[in-house]
Amino acid sequence: MKGAAQIDPYQAPEPVHVGGAAAPVRVGLLWHSVSSGNLGVGALTIGNITLARQVATEMGLTPQFTVMSMRDGDAPPLLRGEVDTYVIDSKAMLTPGGFWKAVGSVDCVLDIGAGDSFADIYGPKRFGFMWLTKMMAIARKVPLVLSPQTIGPFTGKVYRALASVAMGRSTAVLARDQQSLDFTLALAPQAKAALSVDVAFVLPFEDRSTERRGPKLRIGVNASGLLFHQAETGTNRFGLGYDYARFTRDLLTRLCARDDVEVHLVPHATSNGDPTDDDGRLADRLVAEFPKAVRVPNFTGPSEAKSYISSLDFLVAGRMHACIGAFSSGTPVVPVAYSRKFSGLFGLLDYDHVLPMTITDPAAAVDFVFQGLSKRTTLSDDAAQGMKKVQSLLDVYRSALKDVFMQALRNRGAKSQA
């Protein structure tokens with residue numbers, strides 16, 4: 001990490017108490033979600049709360065969380081009664097009593113950028129909201145941490161200049177892969193940047209691994225509605241080298257032909273409003289074509305999905321957080337890459353069982369998956385080794401959380417004495 005600002009490894013700090021009671025710390029969770037149908041976004045929210053609560057509790061603090069984001073889904077709300085929510089829209093950004101007031105009411109902000117949205121690939125409007133909310137926190141002198149996320153790309157000059165300012169003025173910037181860290185340091189060498197890893201690795205779940213001991217192999221297939229739609233329409237904006245729809249059907253054909261296999265169609269992102277990005281609708285279509293497969297019901301939350309994934313003998317998945325759920329619950333997994341975030345994350349963990357984007361033949365892609373299936377023990381062993389590195393990288397983030405909570409308390413003390 002040449003040139004990176006070093007953050008000390010995490011050590012549990014001395015508890016902080018006010019009048020014999022645990023001191024409160026108000027944490028704004030910027031660009032998290034409690035209602036997204038994409039369970040990966042929910043996994044980031046719960047994972048980040050889990051880590052923040054752990055650090056705060058060890059410091060003798062009582063964390064109070066406010067999720068700050070746009071209306072981004074119609075799924076059943078997560079964490080009902082446990083967190084407050086603040087909806088960001090154009091009116092909130094333009095009204096003095098809106099986001100400006102809301103961000104001033106918290107002691108610190110943890111901004112996760114929806115995982116990979118601090119970039120210009122989603123268009124100027126989304127970038128504008130992402131950037132302006134950061135700068136308003138900075139202007140209000142509220143400590144701002146960019147929680148572990150994919151950072152960039154920023155291709156245009158204006159985007160690059162604005163992103164550099166925001167990262168340079170943040171209290172800390174945590175990248176969840178080496179490429180994002182390198183990109184950050186090249187763009188904003190003044191930033192206090194460090195390498196960590198995706199917070200969803202700590203998503204709580206119920207271990208159901210004993211269900212793997214049945215007479216047949218329980219093989220999960222998380223077919224991405226988004227990638228399937230892209231293939232069917234010929235859009236292919238992610239630049240996959242092969243036809244994803246044909247790959248999925250060929251994979252299911254071969255799996256369902258085996259007498260020793262039970263195929264489970266596992267949705268991980270659903271949407272009532274956007275059928276083109278709905279794994280559940282796709283699973284309904286596929287189970288009609290492959291009636292031997294089990295159509296797994298849509299999950300009520302990310303922990304429920306991870307618990308189910310832990311019951312499988314093997315998973316092949318197009319959604320990255322379904323892959324993380326498998327990786328961190330002991331289920332051998334072949335991730336189906338569609339962006340650099342896959343190679344960045346799993347390469348960081350020395351896990352070289354990711355289906356490359358560059359394969360051009362769907363049959364070769366299916367062969368790659370079956371090679372992974374045949375060496376499940378190797379995949380499990382490699383994931384177990386990777387999880388050791390995950391814990392070390394998360395310690396970097398825990399240290400950043402400790403620092404920002406201490407800074408928040410100092411700032412509050414200074415205000416009370418002013």
# chains A, B, ... in the order shown; residues from 1 in each chain; ligands from 1
call {"tool": "residues_around", "arguments": {"residues": "range 389-401 of chain A", "least_positions_apart": "4", "cutoff": "9 Å", "atoms": "only C-alpha atoms", "output": "number ranges by chain"}}
result
A: 7-12, 51-52, 54-56, 110, 145, 147-148, 171-172, 174, 176, 194-199, 201, 348-349, 385, 405-406
call {"tool": "select_by_dssp", "arguments": {"residues": "range 131-338 of chain A", "states": "strand (DSSP E)", "output": "count of residues only"}}
result
33
call {"tool": "residues_around", "arguments": {"residues": "Asn38 in chain A", "least_positions_apart": "6", "cutoff": "10 Å", "atoms": "only C-alpha atoms", "output": "list of chain:residue names"}}
result
A:Asp72, A:Gly73, A:Ala75, A:Pro267, A:His268, A:Ala269, A:Thr270, A:Ser271, A:Asp277, A:Asp278, A:Asp279, A:Gly301, A:Pro302, A:Arg319, A:His321
call {"tool": "write_last_selection", "arguments": {"atoms": "N, CA and C atoms", "output": "PDB file, in the first residue's frame"}}
result
ATOM      1  N   ASP A  72     -35.392   3.361  -2.297  1.00  0.00           N
ATOM      2  CA  ASP A  72     -34.690   2.525  -3.271  1.00  0.00           C
ATOM      3  C   ASP A  72     -35.262   1.120  -3.377  1.00  0.00           C
ATOM      4  N   GLY A  73     -36.466   0.890  -2.883  1.00  0.00           N
ATOM      5  CA  GLY A  73     -37.007  -0.454  -3.001  1.00  0.00           C
ATOM      6  C   GLY A  73     -38.342  -0.597  -2.316  1.00  0.00           C
ATOM      7  N   ALA A  75     -39.086  -3.727  -0.704  1.00  0.00           N
ATOM      8  CA  ALA A  75     -38.989  -4.935   0.102  1.00  0.00           C
ATOM      9  C   ALA A  75     -39.461  -4.651   1.526  1.00  0.00           C
ATOM     10  N   PRO A 267     -32.944 -16.923  -5.516  1.00  0.00           N
ATOM     11  CA  PRO A 267     -32.963 -15.486  -5.840  1.00  0.00           C
ATOM     12  C   PRO A 267     -32.219 -14.683  -4.782  1.00  0.00           C
ATOM     13  N   HIS A 268     -31.594 -13.580  -5.204  1.00  0.00           N
ATOM     14  CA  HIS A 268     -30.898 -12.723  -4.237  1.00  0.00           C
ATOM     15  C   HIS A 268     -31.171 -11.244  -4.466  1.00  0.00           C
ATOM     16  N   ALA A 269     -31.848 -10.907  -5.547  1.00  0.00           N
ATOM     17  CA  ALA A 269     -32.263  -9.521  -5.798  1.00  0.00           C
ATOM     18  C   ALA A 269     -33.624  -9.569  -6.465  1.00  0.00           C
ATOM     19  N   THR A 270     -34.598  -8.907  -5.861  1.00  0.00           N
ATOM     20  CA  THR A 270     -35.949  -8.894  -6.408  1.00  0.00           C
ATOM     21  C   THR A 270     -36.439  -7.458  -6.514  1.00  0.00           C
ATOM     22  N   SER A 271     -37.416  -7.252  -7.379  1.00  0.00           N
ATOM     23  CA  SER A 271     -37.956  -5.907  -7.558  1.00  0.00           C
ATOM     24  C   SER A 271     -39.364  -6.004  -8.122  1.00  0.00           C
ATOM     25  N   ASP A 277     -34.676  -6.683 -13.459  1.00  0.00           N
ATOM     26  CA  ASP A 277     -33.628  -6.858 -12.445  1.00  0.00           C
ATOM     27  C   ASP A 277     -34.192  -7.655 -11.268  1.00  0.00           C
ATOM     28  N   ASP A 278     -34.845  -8.764 -11.593  1.00  0.00           N
ATOM     29  CA  ASP A 278     -35.559  -9.543 -10.582  1.00  0.00           C
ATOM     30  C   ASP A 278     -35.197 -11.019 -10.720  1.00  0.00           C
ATOM     31  N   ASP A 279     -34.388 -11.498  -9.789  1.00  0.00           N
ATOM     32  CA  ASP A 279     -34.010 -12.914  -9.803  1.00  0.00           C
ATOM     33  C   ASP A 279     -35.208 -13.827  -9.576  1.00  0.00           C
ATOM     34  N   GLY A 301     -35.010 -11.224   3.989  1.00  0.00           N
ATOM     35  CA  GLY A 301     -33.864 -10.388   4.321  1.00  0.00           C
ATOM     36  C   GLY A 301     -32.567 -11.102   4.005  1.00  0.00           C
ATOM     37  N   PRO A 302     -31.444 -10.383   4.065  1.00  0.00           N
ATOM     38  CA  PRO A 302     -30.153 -10.966   3.692  1.00  0.00           C
ATOM     39  C   PRO A 302     -29.693 -12.073   4.632  1.00  0.00           C
ATOM     40  N   ARG A 319     -24.832 -12.800  -8.285  1.00  0.00           N
ATOM     41  CA  ARG A 319     -24.890 -11.638  -7.389  1.00  0.00           C
ATOM     42  C   ARG A 319     -23.731 -11.737  -6.404  1.00  0.00           C
ATOM     43  N   HIS A 321     -23.049 -10.490  -3.504  1.00  0.00           N
ATOM     44  CA  HIS A 321     -23.276 -10.714  -2.071  1.00  0.00           C
ATOM     45  C   HIS A 321     -23.869 -12.083  -1.783  1.00  0.00           C
TER      46      HIS A 321
END
call {"tool": "closest_residue", "arguments": {"among": "A:Ala383, A:Val41, A:Cys256, A:Cys108", "to": "Asp403 in chain A", "atoms": "only C-alpha atoms"}}
result
A:Cys108
call {"tool": "select_by_dssp", "arguments": {"residues": "range 164-301 of chain A", "states": "helix (DSSP H, G or I)", "output": "PyMOL selection string"}}
result
chain A and resi 164-169+178-187+199-202+209-213+225-233+244-256+275-277+279-289
call {"tool": "closest_residue", "arguments": {"among": "A:Gly280, A:Gly28, A:Pro204, A:Gly241", "to": "Tyr338 in chain A", "atoms": "only C-alpha atoms"}}
result
A:Gly241
call {"tool": "atom_distance", "arguments": {"atom1": "CA of Phe129 in chain A", "atom2": "CA of Gly225 in chain A"}}
result
26.8 Å
call {"tool": "residues_around", "arguments": {"residues": "Pro77 in chain A", "least_positions_apart": "2", "cutoff": "8 Å", "atoms": "only C-alpha atoms", "output": "ChimeraX atom specification"}}
result
/A:34-35,75,79-80
call {"tool": "residues_around", "arguments": {"residues": "Asp350 in chain A", "least_positions_apart": "6", "cutoff": "12 Å", "atoms": "only C-alpha atoms", "output": "PyMOL selection string"}}
result
chain A and resi 177+342-344+379+381-390
call {"tool": "residues_around", "arguments": {"residues": "Thr378 in chain A", "least_positions_apart": "6", "cutoff": "10 Å", "atoms": "only C-alpha atoms", "output": "ChimeraX atom specification"}}
result
/A:332,353,372,384
call {"tool": "residues_around", "arguments": {"residues": "Thr184 in chain A", "least_positions_apart": "2", "cutoff": "12 Å", "atoms": "only C-alpha atoms", "output": "ChimeraX atom specification"}}
result
/A:1,3-5,118-119,146,149-154,160-161,163-168,172-182,186-195
call {"tool": "atom_distance", "arguments": {"atom1": "CA of Arg340 in chain A", "atom2": "CA of Met357 in chain A"}}
result
9.2 Å
call {"tool": "closest_residue", "arguments": {"among": "A:Val261, A:Arg26, A:Thr233, A:Arg169", "to": "Arg53 in chain A", "atoms": "only C-alpha atoms"}}
result
A:Arg26
